[in-house]
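Containing CSV, C-alpha atoms and all ligand atoms: model.csv.
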chain,number,residue,atom,x,y,z
A,1,MET,CA,3.8,-37.2,17.2
A,2,PRO,CA,6.9,-35.1,18.0
A,3,ARG,CA,6.6,-31.5,19.1
A,4,LEU,CA,6.6,-29.0,16.3
A,5,HIS,CA,8.8,-26.1,17.1
A,6,LEU,CA,8.5,-22.5,15.9
A,7,SER,CA,11.8,-22.3,14.1
A,8,PRO,CA,14.3,-25.1,15.0
A,9,PRO,CA,17.8,-25.4,13.6
A,10,HIS,CA,18.0,-27.1,10.1
A,11,LEU,CA,21.4,-28.6,9.3
A,12,ASP,CA,21.1,-30.1,5.8
A,13,GLY,CA,24.5,-29.0,4.3
A,14,ASP,CA,28.2,-29.5,4.8
A,15,GLU,CA,28.2,-28.4,8.5
A,16,GLN,CA,29.7,-31.6,9.9
A,17,ARG,CA,32.5,-31.8,7.3
A,18,LEU,CA,33.4,-28.2,8.0
A,19,VAL,CA,33.4,-28.7,11.7
A,20,ALA,CA,35.6,-31.7,11.2
A,21,GLU,CA,38.0,-29.5,9.3
A,22,ALA,CA,38.1,-27.1,12.2
A,23,PHE,CA,38.9,-30.0,14.5
A,24,ALA,CA,41.6,-31.4,12.2
A,25,SER,CA,43.3,-28.0,12.0
A,26,ASN,CA,43.2,-27.7,15.8
A,27,TRP,CA,41.7,-24.2,15.6
A,28,ILE,CA,39.4,-24.8,18.5
A,29,ALA,CA,39.6,-21.1,19.4
A,30,PRO,CA,37.9,-17.8,18.8
A,31,LEU,CA,39.1,-16.6,15.4
A,32,GLY,CA,40.8,-18.9,12.8
A,33,PRO,CA,40.5,-19.8,9.1
A,34,GLN,CA,36.8,-20.8,9.3
A,35,VAL,CA,36.0,-17.3,10.8
A,36,ASP,CA,37.9,-15.6,8.0
A,37,ALA,CA,36.2,-17.7,5.3
A,38,PHE,CA,32.7,-17.2,6.9
A,39,GLU,CA,33.3,-13.4,6.9
A,40,ARG,CA,34.4,-13.4,3.3
A,41,GLU,CA,31.5,-15.6,2.2
A,42,MET,CA,28.9,-13.5,4.0
A,43,ALA,CA,30.4,-10.3,2.6
A,44,ALA,CA,30.3,-11.8,-0.9
A,45,TYR,CA,26.7,-13.1,-0.5
A,46,THR,CA,25.2,-9.9,0.8
A,47,GLY,CA,27.4,-7.4,-1.1
A,48,ALA,CA,28.5,-5.8,2.1
A,49,THR,CA,32.1,-4.9,1.6
A,50,HIS,CA,33.3,-5.8,5.1
A,51,ALA,CA,32.0,-8.2,7.7
A,52,ALA,CA,33.1,-9.1,11.3
A,53,ALA,CA,31.8,-12.4,12.7
A,54,LEU,CA,30.9,-12.0,16.4
A,55,SER,CA,29.5,-14.0,19.3
A,56,SER,CA,25.9,-12.8,18.9
A,57,GLY,CA,23.7,-10.3,17.1
A,58,THR,CA,23.4,-8.4,20.4
A,59,ALA,CA,27.2,-8.1,20.6
A,60,ALA,CA,27.2,-6.8,17.0
A,61,LEU,CA,24.6,-4.1,17.9
A,62,HIS,CA,26.6,-3.2,21.0
A,63,LEU,CA,29.7,-2.7,19.0
A,64,ALA,CA,27.8,-0.7,16.4
A,65,LEU,CA,26.7,1.8,19.0
A,66,ARG,CA,30.3,2.0,20.4
A,67,LEU,CA,31.6,2.6,16.9
A,68,LEU,CA,29.2,5.5,16.4
A,69,GLY,CA,30.5,7.2,19.6
A,70,THR,CA,27.3,6.7,21.6
A,71,ARG,CA,27.8,8.3,25.0
A,72,PRO,CA,25.7,8.3,28.3
A,73,GLY,CA,22.7,10.4,27.9
A,74,ASP,CA,22.6,10.3,24.1
A,75,GLU,CA,19.3,9.4,22.6
A,76,VAL,CA,19.2,6.3,20.4
A,77,TRP,CA,15.9,5.8,18.5
A,78,CYS,CA,14.7,2.3,17.8
A,79,SER,CA,11.7,0.5,16.3
A,80,SER,CA,9.2,-0.3,19.0
A,81,PHE,CA,7.9,-3.4,17.3
A,82,THR,CA,10.8,-5.8,17.9
A,83,PHE,CA,12.6,-8.1,20.3
A,84,ALA,CA,14.2,-6.6,23.4
A,85,ALA,CA,17.7,-7.3,22.0
A,86,SER,CA,17.2,-4.5,19.5
A,87,ALA,CA,17.3,-2.0,22.4
A,88,ASN,CA,19.2,-3.6,25.2
A,89,PRO,CA,22.6,-2.5,23.9
A,90,ILE,CA,21.4,1.2,24.1
A,91,CYS,CA,21.2,0.6,27.8
A,92,TYR,CA,24.6,-1.0,28.0
A,93,GLU,CA,26.0,2.4,26.9
A,94,GLN,CA,23.8,4.3,29.3
A,95,ALA,CA,22.1,6.0,26.3
A,96,VAL,CA,18.4,6.8,26.3
A,97,PRO,CA,16.1,4.7,24.1
A,98,VAL,CA,13.2,6.3,22.3
A,99,PHE,CA,10.7,4.0,20.6
A,100,ILE,CA,9.0,4.7,17.3
A,101,ASP,CA,5.9,3.0,16.0
A,102,SER,CA,5.4,0.9,12.9
A,103,GLU,CA,3.6,1.6,9.6
A,104,ALA,CA,0.8,-0.8,8.6
A,105,ALA,CA,2.3,-1.6,5.2
A,106,SER,CA,5.5,-3.3,6.3
A,107,TRP,CA,4.8,-3.6,10.1
A,108,ASN,CA,8.2,-1.9,10.5
A,109,LEU,CA,9.4,1.6,11.5
A,110,ASP,CA,7.1,4.2,10.0
A,111,PRO,CA,9.3,6.4,7.7
A,112,ALA,CA,6.9,9.4,7.8
A,113,LEU,CA,6.8,9.3,11.6
A,114,LEU,CA,10.6,9.1,11.7
A,115,ALA,CA,11.1,12.0,9.3
A,116,GLN,CA,8.7,14.2,11.3
A,117,ALA,CA,10.3,13.3,14.6
A,118,LEU,CA,13.8,14.0,13.3
A,119,ASP,CA,12.7,17.4,12.0
A,120,ASP,CA,11.2,18.2,15.4
A,121,ALA,CA,14.3,17.0,17.2
A,122,ALA,CA,16.5,19.2,15.0
A,123,ARG,CA,14.4,22.2,15.9
A,124,ARG,CA,14.8,21.4,19.6
A,125,GLY,CA,18.5,20.9,19.0
A,126,ARG,CA,18.5,17.3,20.3
A,127,LEU,CA,19.1,14.8,17.5
A,128,PRO,CA,19.7,11.1,18.3
A,129,ARG,CA,23.1,9.6,18.0
A,130,ALA,CA,21.6,6.8,15.8
A,131,VAL,CA,18.4,5.2,14.6
A,132,ILE,CA,18.1,1.4,14.8
A,133,VAL,CA,15.7,0.2,12.1
A,134,VAL,CA,14.6,-3.5,12.4
A,135,HIS,CA,13.6,-5.7,9.5
A,136,LEU,CA,11.0,-7.8,11.5
A,137,TYR,CA,10.3,-11.4,10.6
A,138,GLY,CA,12.4,-11.0,7.5
A,139,GLN,CA,10.3,-8.2,6.0
A,140,CYS,CA,12.4,-5.2,5.1
A,141,ALA,CA,11.6,-1.8,6.5
A,142,ASP,CA,11.2,1.1,4.0
A,143,LEU,CA,14.8,2.2,4.1
A,144,ASP,CA,15.1,4.8,1.3
A,145,PRO,CA,13.0,7.5,2.9
A,146,MET,CA,14.6,6.8,6.3
A,147,LEU,CA,18.1,6.9,4.9
A,148,ALA,CA,17.2,10.2,3.3
A,149,ALA,CA,15.8,11.7,6.5
A,150,CYS,CA,18.8,10.5,8.5
A,151,ALA,CA,21.2,11.9,6.0
A,152,ARG,CA,19.5,15.3,6.0
A,153,HIS,CA,20.1,15.5,9.8
A,154,GLY,CA,23.5,13.7,9.9
A,155,VAL,CA,22.1,10.9,12.0
A,156,ALA,CA,23.5,7.3,11.6
A,157,LEU,CA,21.1,4.5,10.6
A,158,ILE,CA,21.9,1.0,11.9
A,159,GLU,CA,20.0,-1.9,10.4
A,160,ASP,CA,19.0,-4.7,12.7
A,161,ALA,CA,18.8,-7.5,10.1
A,162,ALA,CA,18.9,-10.2,12.8
A,163,GLU,CA,15.8,-11.9,11.3
A,164,ALA,CA,16.4,-10.9,7.7
A,165,VAL,CA,19.4,-12.8,6.3
A,166,GLY,CA,18.5,-13.4,2.7
A,167,SER,CA,15.9,-10.6,2.6
A,168,LEU,CA,16.1,-8.0,-0.2
A,169,TYR,CA,15.1,-4.3,-0.3
A,170,LYS,CA,14.8,-3.3,-3.9
A,171,GLY,CA,17.4,-5.9,-4.8
A,172,ARG,CA,19.9,-5.0,-2.0
A,173,HIS,CA,20.5,-7.3,1.0
A,174,ALA,CA,19.1,-6.4,4.4
A,175,GLY,CA,21.9,-5.1,6.6
A,176,THR,CA,24.0,-3.5,3.8
A,177,MET,CA,22.3,-0.1,3.4
A,178,GLY,CA,22.8,1.6,6.8
A,179,VAL,CA,26.2,2.7,8.0
A,180,LEU,CA,26.3,-0.5,10.0
A,181,GLY,CA,24.1,-3.6,9.9
A,182,LEU,CA,23.9,-6.7,12.0
A,183,GLN,CA,22.7,-10.3,11.5
A,184,SER,CA,22.0,-13.0,14.1
A,185,PHE,CA,22.8,-16.7,13.9
A,186,ASN,CA,21.0,-17.7,17.1
A,187,GLY,CA,19.5,-21.2,17.1
A,188,ASN,CA,16.0,-20.0,16.0
A,189,LYS,CA,17.0,-17.8,13.1
A,190,ILE,CA,16.9,-18.7,9.4
A,191,MET,CA,20.5,-19.8,9.6
A,192,THR,CA,22.4,-20.7,12.8
A,193,THR,CA,25.8,-21.2,14.3
A,194,SER,CA,24.0,-22.2,17.6
A,195,GLY,CA,24.8,-18.6,18.7
A,196,GLY,CA,26.6,-15.9,16.7
A,197,GLY,CA,26.3,-12.7,14.8
A,198,MET,CA,27.8,-10.6,12.0
A,199,LEU,CA,28.5,-6.9,11.8
A,200,LEU,CA,28.3,-5.6,8.2
A,201,SER,CA,29.6,-2.3,6.7
A,202,ALA,CA,30.9,-0.7,3.6
A,203,ASP,CA,33.4,1.2,5.9
A,204,ALA,CA,36.6,-0.8,6.3
A,205,GLY,CA,37.7,1.3,9.2
A,206,LEU,CA,34.5,0.7,11.2
A,207,ILE,CA,34.9,-3.1,10.8
A,208,ALA,CA,38.6,-3.0,11.6
A,209,THR,CA,37.8,-1.1,14.8
A,210,ALA,CA,35.0,-3.6,15.6
A,211,ARG,CA,37.5,-6.5,15.4
A,212,PHE,CA,39.9,-4.6,17.6
A,213,LEU,CA,37.2,-3.9,20.3
A,214,ALA,CA,35.8,-7.4,20.0
A,215,THR,CA,39.3,-8.9,20.9
A,216,GLN,CA,39.9,-7.0,24.2
A,217,ALA,CA,41.2,-3.9,22.4
A,218,ARG,CA,44.8,-5.1,22.3
A,219,ASP,CA,47.2,-2.4,21.1
A,220,PRO,CA,49.8,-3.5,18.5
A,221,ALA,CA,52.7,-4.4,20.8
A,222,PRO,CA,54.6,-7.6,21.5
A,223,HIS,CA,53.4,-7.6,25.1
A,224,TYR,CA,49.7,-7.2,26.2
A,225,GLN,CA,49.0,-3.5,26.1
A,226,HIS,CA,45.6,-1.8,26.2
A,227,SER,CA,44.6,1.9,26.0
A,228,GLN,CA,40.8,1.2,25.8
A,229,VAL,CA,38.3,-1.1,27.4
A,230,GLY,CA,37.5,-4.0,25.1
A,231,PHE,CA,35.2,-6.9,24.8
A,232,ASN,CA,35.4,-10.7,24.2
A,233,TYR,CA,32.9,-10.8,21.3
A,234,ARG,CA,34.6,-12.8,18.5
A,235,LEU,CA,33.0,-15.9,17.1
A,236,SER,CA,34.5,-19.4,17.7
A,237,ASN,CA,36.2,-21.0,14.7
A,238,VAL,CA,34.1,-24.2,15.3
A,239,LEU,CA,30.9,-22.2,15.1
A,240,ALA,CA,32.0,-20.3,12.0
A,241,ALA,CA,32.3,-23.7,10.3
A,242,ILE,CA,28.6,-24.4,11.1
A,243,GLY,CA,27.8,-21.0,9.7
A,244,ARG,CA,29.6,-21.7,6.4
A,245,GLY,CA,27.6,-24.8,5.9
A,246,GLN,CA,24.4,-22.9,6.7
A,247,LEU,CA,25.3,-20.0,4.4
A,248,ALA,CA,25.9,-22.2,1.5
A,249,ARG,CA,22.3,-23.3,1.8
A,250,ILE,CA,20.7,-19.9,2.5
A,251,GLU,CA,18.9,-19.6,-0.8
A,252,ALA,CA,17.3,-23.1,-0.2
A,253,LYS,CA,16.3,-22.0,3.3
A,254,VAL,CA,14.6,-18.8,2.0
A,255,ALA,CA,12.8,-20.8,-0.7
A,256,ALA,CA,11.6,-23.4,1.9
A,257,ARG,CA,10.3,-20.7,4.3
A,258,ARG,CA,8.6,-18.9,1.4
A,259,ARG,CA,7.0,-22.2,0.3
A,260,ILE,CA,5.7,-22.9,3.8
A,261,ASN,CA,4.3,-19.4,4.0
A,262,ALA,CA,2.5,-20.0,0.6
A,263,MET,CA,1.1,-23.3,1.8
A,264,TYR,CA,-0.3,-21.6,4.9
A,265,GLN,CA,-1.8,-18.8,2.8
A,266,GLN,CA,-3.4,-21.4,0.5
A,267,ALA,CA,-4.9,-23.4,3.3
A,268,LEU,CA,-6.0,-20.7,5.7
A,269,GLY,CA,-6.5,-17.7,3.5
A,270,GLY,CA,-10.3,-18.0,3.4
A,271,LEU,CA,-10.9,-18.1,7.1
A,272,PRO,CA,-13.0,-15.1,8.2
A,273,GLY,CA,-11.0,-12.6,10.3
A,274,LEU,CA,-7.7,-14.2,9.6
A,275,SER,CA,-5.1,-12.3,7.6
A,276,PHE,CA,-1.4,-12.7,6.8
A,277,MET,CA,1.6,-10.4,7.3
A,278,PRO,CA,1.8,-8.6,4.0
A,279,GLU,CA,4.9,-8.9,1.8
A,280,GLU,CA,5.6,-5.2,1.1
A,281,ARG,CA,7.9,-4.7,-2.0
A,282,PHE,CA,7.9,-0.9,-2.0
A,283,GLY,CA,7.0,-0.9,-5.7
A,284,ASP,CA,10.1,-2.9,-6.7
A,285,ALA,CA,9.8,-6.5,-7.8
A,286,ARG,CA,13.4,-7.2,-6.6
A,287,SER,CA,12.3,-6.9,-3.0
A,288,ARG,CA,11.9,-10.2,-1.2
A,289,ALA,CA,11.0,-11.1,2.4
A,290,ASN,CA,12.7,-14.3,3.7
A,291,ARG,CA,9.5,-15.2,5.5
A,292,TRP,CA,11.5,-16.2,8.6
A,293,LEU,CA,8.2,-16.7,10.4
A,294,THR,CA,4.7,-16.9,9.0
A,295,CYS,CA,2.7,-14.4,11.0
A,296,VAL,CA,-1.1,-14.1,11.0
A,297,LEU,CA,-3.6,-11.6,12.5
A,298,ILE,CA,-6.8,-12.8,14.0
A,299,ASP,CA,-9.7,-10.3,14.4
A,300,PRO,CA,-11.9,-11.8,17.1
A,301,ALA,CA,-15.0,-9.8,16.0
A,302,LEU,CA,-14.9,-11.6,12.6
A,303,ALA,CA,-13.2,-14.8,13.5
A,304,GLY,CA,-15.3,-15.8,16.5
A,305,THR,CA,-12.0,-16.9,18.1
A,306,ASP,CA,-8.8,-15.1,19.1
A,307,ARG,CA,-5.1,-15.5,18.9
A,308,GLU,CA,-4.8,-16.8,22.4
A,309,ARG,CA,-7.4,-19.5,21.9
A,310,VAL,CA,-5.7,-20.5,18.7
A,311,ARG,CA,-2.3,-20.6,20.4
A,312,LEU,CA,-3.6,-22.8,23.3
A,313,ALA,CA,-5.3,-25.2,20.8
A,314,LEU,CA,-1.9,-25.5,19.0
A,315,GLU,CA,-0.1,-26.0,22.3
A,316,ALA,CA,-2.6,-28.8,23.3
A,317,ALA,CA,-1.6,-30.5,20.0
A,318,ASP,CA,2.1,-30.1,20.9
A,319,ILE,CA,2.7,-27.3,18.4
A,320,GLU,CA,4.6,-24.2,19.4
A,321,ALA,CA,3.1,-20.9,18.3
A,322,ARG,CA,4.0,-17.5,19.8
A,323,PRO,CA,2.3,-14.1,19.9
A,324,LEU,CA,4.1,-11.4,17.9
A,325,TRP,CA,6.8,-9.4,19.6
A,326,LYS,CA,5.3,-7.3,22.4
A,327,PRO,CA,6.3,-3.7,21.4
A,328,LEU,CA,9.1,-2.3,23.5
A,329,HIS,CA,7.2,0.8,24.5
A,330,LEU,CA,4.8,-1.6,26.4
A,331,GLN,CA,7.6,-3.6,28.1
A,332,PRO,CA,8.0,-3.1,31.9
A,333,VAL,CA,11.8,-2.8,31.5
A,334,PHE,CA,11.4,0.3,29.3
A,335,ALA,CA,8.5,1.9,31.2
A,336,GLY,CA,9.0,5.7,31.3
A,337,CYS,CA,10.9,5.8,28.0
A,338,ARG,CA,9.6,8.2,25.4
A,339,ALA,CA,7.5,6.6,22.6
A,340,ILE,CA,6.5,8.3,19.3
A,341,GLY,CA,3.2,6.8,18.3
A,342,GLY,CA,2.6,3.2,19.4
A,343,ALA,CA,-1.0,2.2,18.4
A,344,VAL,CA,-0.1,0.4,15.2
A,345,SER,CA,2.4,-2.0,16.9
A,346,ALA,CA,0.2,-2.4,19.9
A,347,GLY,CA,-2.7,-3.5,17.6
A,348,LEU,CA,-0.5,-6.0,15.8
A,349,PHE,CA,0.6,-7.5,19.1
A,350,GLU,CA,-3.0,-7.8,20.3
A,351,ARG,CA,-4.1,-9.9,17.3
A,352,GLY,CA,-0.9,-11.5,16.0
A,353,LEU,CA,0.5,-15.0,16.1
A,354,CYS,CA,3.6,-16.7,14.7
A,355,LEU,CA,3.1,-20.2,13.2
A,356,PRO,CA,5.8,-22.9,13.0
A,357,SER,CA,8.0,-22.0,10.0
A,358,GLY,CA,11.2,-24.0,10.2
A,359,SER,CA,12.8,-24.7,6.8
A,360,GLY,CA,12.9,-28.4,7.6
A,361,MET,CA,9.1,-28.7,7.9
A,362,THR,CA,7.4,-31.2,5.7
A,363,GLU,CA,4.0,-30.7,3.9
A,364,GLY,CA,2.6,-33.1,6.5
A,365,ASP,CA,3.9,-30.8,9.3
A,366,VAL,CA,2.2,-27.8,7.7
A,367,GLU,CA,-1.1,-29.8,7.3
A,368,ARG,CA,-0.9,-30.7,11.0
A,369,VAL,CA,-0.8,-27.0,12.0
A,370,VAL,CA,-3.5,-26.1,9.5
A,371,GLY,CA,-5.8,-28.8,10.8
A,372,VAL,CA,-5.7,-27.4,14.4
A,373,VAL,CA,-6.0,-23.8,13.3
A,374,ARG,CA,-9.0,-24.6,11.0
A,375,GLY,CA,-10.6,-26.5,14.0
A,376,CYS,CA,-10.7,-23.2,16.0
A,377,TRP,CA,-13.1,-21.8,13.4
A,378,LYS,CA,-15.6,-24.7,13.6
A,379,GLY,CA,-17.3,-23.6,16.9
B,401,LIG,C1,17.5,-12.5,17.6
B,401,LIG,C2,17.5,-11.0,17.5
B,401,LIG,C3,18.5,-10.2,17.9
B,401,LIG,C4,19.6,-10.7,18.8
B,401,LIG,O1,20.4,-11.6,18.2
B,401,LIG,P1,21.3,-12.6,19.1
B,401,LIG,O2,22.2,-13.3,18.1
B,401,LIG,O3,20.3,-13.6,19.7
B,401,LIG,O4,22.0,-11.8,20.1
B,401,LIG,C5,18.4,-8.8,17.7
B,401,LIG,N1,17.3,-8.3,17.1
B,401,LIG,C6,16.3,-9.0,16.6
B,401,LIG,C7,15.2,-8.4,15.9
B,401,LIG,C8,16.3,-10.4,16.8
B,401,LIG,O5,15.3,-11.1,16.4
What would the structure in this file look like if it were written as structure tokens?
Amino acid sequence: MPRLHLSPPHLDGDEQRLVAEAFASNWIAPLGPQVDAFEREMAAYTGATHAAALSSGTAALHLALRLLGTRPGDEVWCSSFTFAASANPICYEQAVPVFIDSEAASWNLDPALLAQALDDAARRGRLPRAVIVVHLYGQCADLDPMLAACARHGVALIEDAAEAVGSLYKGRHAGTMGVLGLQSFNGNKIMTTSGGGMLLSADAGLIATARFLATQARDPAPHYQHSQVGFNYRLSNVLAAIGRGQLARIEAKVAARRRINAMYQQALGGLPGLSFMPEERFGDARSRANRWLTCVLIDPALAGTDRERVRLALEAADIEARPLWKPLHLQPVFAGCRAIGGAVSAGLFERGLCLPSGSGMTEGDVERVVGVVRGCWKG
């Protein structure tokens, strides 16, 4: 049987025809009509007024920090429970990351902890330049109270929606509620351009400056003139064509991932000591997690097995499963950084496992995973 990957690319739309269009037009370059159309279509889908297509989600976050005027020594606060790419750009700007723990309800940044920490920081006279809030595994964080706390202190909120294309918070798209938001189209995400990202904002000026910085900060002049250091961060026209094909199918991809999650819940829900990542709707039926990855927690005391034994059993059957993200306050690269709380995300990491969740999975594929997982409970 072929190896089952965690979240492989799923190209089931018009991608090839659109790539052929890019070839036929000879726009084999960064920028071009496919990029313009991809930006328009993503802005229309999400309701973000403005969007800039970029070479990666990491590049989008780096530009977001630049646009907000982040300077060496500034603090930037960030969810601890996330992938390292959520915090690496803080270091690119020689700013100081501070990691904040999760709440149990959404597994994402704890709004009460953030509000308290901002009040304390205001009293000390040292507020952060920005707060990066991550929507992990496609589950939205509880943005309303965090937006209110940040507004009270004049702190910018950046949404890391890299894993949350198609996720809704009270009916609004992930990435459209902070001053800036970013998406990722890396090969393992819910939609892919092989590699790519998008910066979203309601502020036309910020997105215009992002485009300027992403194309080597060329001043308007007939010759090459520069008065700032720029980057080469724009998306290729060929890759934007793939993105357009993927975006046209995003609702089907969300539906497929949600269906796979429901099948797992149906088949594994009764196992002692096994529980699923909750879908937190914050009291609003219009909220929706895209269920990018199906995540489970395994309590060894009740299960008689643990996440590592389950992972190894899956690996032996050629099925890829991964522990949940190791919190950044526990990562060697960020040793010595300040952390606010940390026990919640550490506990999730200890017990958590991501199961294969690609939107191209068949029912038979899910049954194959279920069979191995159930086997770990049999003794
Ligand atoms: C994938 C990811 C990123 C980075 O996106 P790239 O496009 O791979 O640079 C950032 N944050 C989170 C939470 C991610 O999962």
TODO: Select, from A:Ser345, A:Ser357, A:Asn26, A:Gln225, the residue with the minimum atom-to-atom distance to A:Asp101, counting all atoms listed in the file.
DONE: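 Nearest to A:Asp101: A:Ser345.
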Task: Closest of A:Glu308, A:Asp299, A:Asp160, A:Asp284 to ligand LIG 401 (chain B) - atom-to-atom distances counting all atoms listed in the file - done: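 Selected residue with least distance to ligand LIG 401 (chain B): A:Asp160.
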- [ ] Return as JSON, numbers by chain the residues of protein, DNA or RNA that approach ligand LIG 401 (chain B) to within 8 Å, with only C-alpha atoms and all ligand atoms taken into account.
- [x] {"A": [55, 56, 57, 58, 59, 60, 61, 82, 83, 84, 85, 86, 134, 135, 136, 137, 160, 161, 162, 163, 183, 184, 185, 186, 188, 189, 195, 196, 197]}
Open item on the list: Restricting the calculation to all atoms listed in the file: of A:Thr294, A:Pro356, A:Ala141, A:Val238, which residue gets closest to A:Ala24?
Closed with: A:Val238
- [ ] Could you check which of A:Ala43, A:Val19, A:Ile340, A:Ala156 is closest to A:Gly69, using only C-alpha atoms?
- [x]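 Ranking A:Ala43, A:Val19, A:Ile340, A:Ala156 by distance to A:Gly69, first place goes to A:Ala156.
Among the candidates A:Leu235, A:Leu54, A:Glu15, A:Val133, the one nearest to A:Ile28 when counting only C-alpha atoms is A:Leu235.
Put simply, atom CA of A:Ala52 is 8.2 Å away from atom CA of A:Arg234.
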Open item on the list: I'd like to know which of A:Ser80, A:Ala95, A:Leu355, A:Ile242 is closest to A:Lys326, using only C-alpha atoms.
Closed with: A:Ser80
- [ ] Anything within 12 Å of (8.6, -1.4, 10.9): list those residues as a VMD selection string, counting all atoms listed in the file and sticking to the file's coordinates.
- [x] chain A and resid 78 to 82 99 to 114 132 to 143 146 159 to 161 277 280 325 327 342 344 to 345 348
Task: Within 7 Å of A:Asn261 using all atoms listed in the file, minus same-chain residues under 3 positions, as a PyMOL selection string - done: chain A and resi 257-258+264-265+291+294
Task: Shell of 12 Å around A:Leu206, all atoms listed in the file, local chain residues under 4 positions omitted, as a PyMOL selection string - done: chain A and resi 49-52+60+63-69+179-181+199-202+210-213
Residue neighbourhood A:Glu315, 12 Å, all atoms listed in the file, exclusion window fewer than 4 positions, as a PDB file with C-alpha atoms, in the frame of the given file:
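out25.pdb written:
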ATOM      1  CA  ARG A   3       6.600 -31.500  19.100  1.00  0.00           C
ATOM      2  CA  LEU A   4       6.600 -29.000  16.300  1.00  0.00           C
ATOM      3  CA  HIS A   5       8.800 -26.100  17.100  1.00  0.00           C
ATOM      4  CA  LEU A   6       8.500 -22.500  15.900  1.00  0.00           C
ATOM      5  CA  GLU A 308      -4.800 -16.800  22.400  1.00  0.00           C
ATOM      6  CA  ARG A 309      -7.400 -19.500  21.900  1.00  0.00           C
ATOM      7  CA  VAL A 310      -5.700 -20.500  18.700  1.00  0.00           C
ATOM      8  CA  ARG A 311      -2.300 -20.600  20.400  1.00  0.00           C
ATOM      9  CA  ILE A 319       2.700 -27.300  18.400  1.00  0.00           C
ATOM     10  CA  GLU A 320       4.600 -24.200  19.400  1.00  0.00           C
ATOM     11  CA  ALA A 321       3.100 -20.900  18.300  1.00  0.00           C
ATOM     12  CA  ARG A 322       4.000 -17.500  19.800  1.00  0.00           C
ATOM     13  CA  LEU A 355       3.100 -20.200  13.200  1.00  0.00           C
ATOM     14  CA  PRO A 356       5.800 -22.900  13.000  1.00  0.00           C
ATOM     15  CA  VAL A 369      -0.800 -27.000  12.000  1.00  0.00           C
ATOM     16  CA  VAL A 372      -5.700 -27.400  14.400  1.00  0.00           C
ATOM     17  CA  VAL A 373      -6.000 -23.800  13.300  1.00  0.00           C
TER      18      VAL A 373
END
Task: Atom pair atom CA of A:Ala241 / atom CA of A:Gly32: separation (Å) - done: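 Spanning atom CA of A:Ala241 to atom CA of A:Gly32 is a straight-line distance of 10.1 Å.
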- [ ] Could you give me, as a VMD selection string, the residues within 12 Å of A:Asp14, counting all atoms listed in the file and dropping anything in the same chain fewer than 4 positions from it?
- [x] chain A and resid 10 18 to 21 241 to 249
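For the atom pair formed by atom CA of A:Met191 and atom CA of A:Asp12, the distance is 11.0 Å, given to one decimal.
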Open item on the list: Env of A:Ile298: 10 Å cut, atoms = only C-alpha atoms, seq-sep filter 5 positions within chain, self excluded. Answer as number ranges by chain.
Closed with: A: 271-276, 303-308, 310, 348, 350-353
Quick one: stretch 283-291 of chain A with N, CA, C and O atoms, as a PDB file, keeping the file's coordinate frame?
ATOM      1  N   GLY A 283       7.076  -1.188  -4.303  1.00  0.00           N
ATOM      2  CA  GLY A 283       7.000  -0.900  -5.700  1.00  0.00           C
ATOM      3  C   GLY A 283       8.176  -1.418  -6.533  1.00  0.00           C
ATOM      4  O   GLY A 283       8.426  -0.940  -7.638  1.00  0.00           O
ATOM      5  N   ASP A 284       8.900  -2.385  -5.994  1.00  0.00           N
ATOM      6  CA  ASP A 284      10.100  -2.900  -6.700  1.00  0.00           C
ATOM      7  C   ASP A 284      10.058  -4.433  -6.611  1.00  0.00           C
ATOM      8  O   ASP A 284      10.165  -5.004  -5.523  1.00  0.00           O
ATOM      9  N   ALA A 285       9.946  -5.083  -7.765  1.00  0.00           N
ATOM     10  CA  ALA A 285       9.800  -6.500  -7.800  1.00  0.00           C
ATOM     11  C   ALA A 285      11.066  -7.245  -7.286  1.00  0.00           C
ATOM     12  O   ALA A 285      11.034  -8.443  -7.000  1.00  0.00           O
ATOM     13  N   ARG A 286      12.181  -6.522  -7.155  1.00  0.00           N
ATOM     14  CA  ARG A 286      13.400  -7.200  -6.600  1.00  0.00           C
ATOM     15  C   ARG A 286      13.401  -7.280  -5.129  1.00  0.00           C
ATOM     16  O   ARG A 286      14.318  -7.853  -4.546  1.00  0.00           O
ATOM     17  N   SER A 287      12.388  -6.707  -4.453  1.00  0.00           N
ATOM     18  CA  SER A 287      12.300  -6.900  -3.000  1.00  0.00           C
ATOM     19  C   SER A 287      11.831  -8.280  -2.671  1.00  0.00           C
ATOM     20  O   SER A 287      11.055  -8.873  -3.420  1.00  0.00           O
ATOM     21  N   ARG A 288      12.317  -8.816  -1.555  1.00  0.00           N
ATOM     22  CA  ARG A 288      11.900 -10.200  -1.200  1.00  0.00           C
ATOM     23  C   ARG A 288      12.015 -10.298   0.360  1.00  0.00           C
ATOM     24  O   ARG A 288      13.045  -9.981   0.968  1.00  0.00           O
ATOM     25  N   ALA A 289      10.931 -10.783   0.979  1.00  0.00           N
ATOM     26  CA  ALA A 289      11.000 -11.100   2.400  1.00  0.00           C
ATOM     27  C   ALA A 289      11.443 -12.571   2.519  1.00  0.00           C
ATOM     28  O   ALA A 289      11.064 -13.412   1.705  1.00  0.00           O
ATOM     29  N   ASN A 290      12.287 -12.854   3.534  1.00  0.00           N
ATOM     30  CA  ASN A 290      12.700 -14.300   3.700  1.00  0.00           C
ATOM     31  C   ASN A 290      11.695 -15.120   4.350  1.00  0.00           C
ATOM     32  O   ASN A 290      11.860 -16.330   4.429  1.00  0.00           O
ATOM     33  N   ARG A 291      10.603 -14.481   4.855  1.00  0.00           N
ATOM     34  CA  ARG A 291       9.500 -15.200   5.500  1.00  0.00           C
ATOM     35  C   ARG A 291      10.045 -16.080   6.645  1.00  0.00           C
ATOM     36  O   ARG A 291       9.626 -17.237   6.800  1.00  0.00           O
TER      37      ARG A 291
END
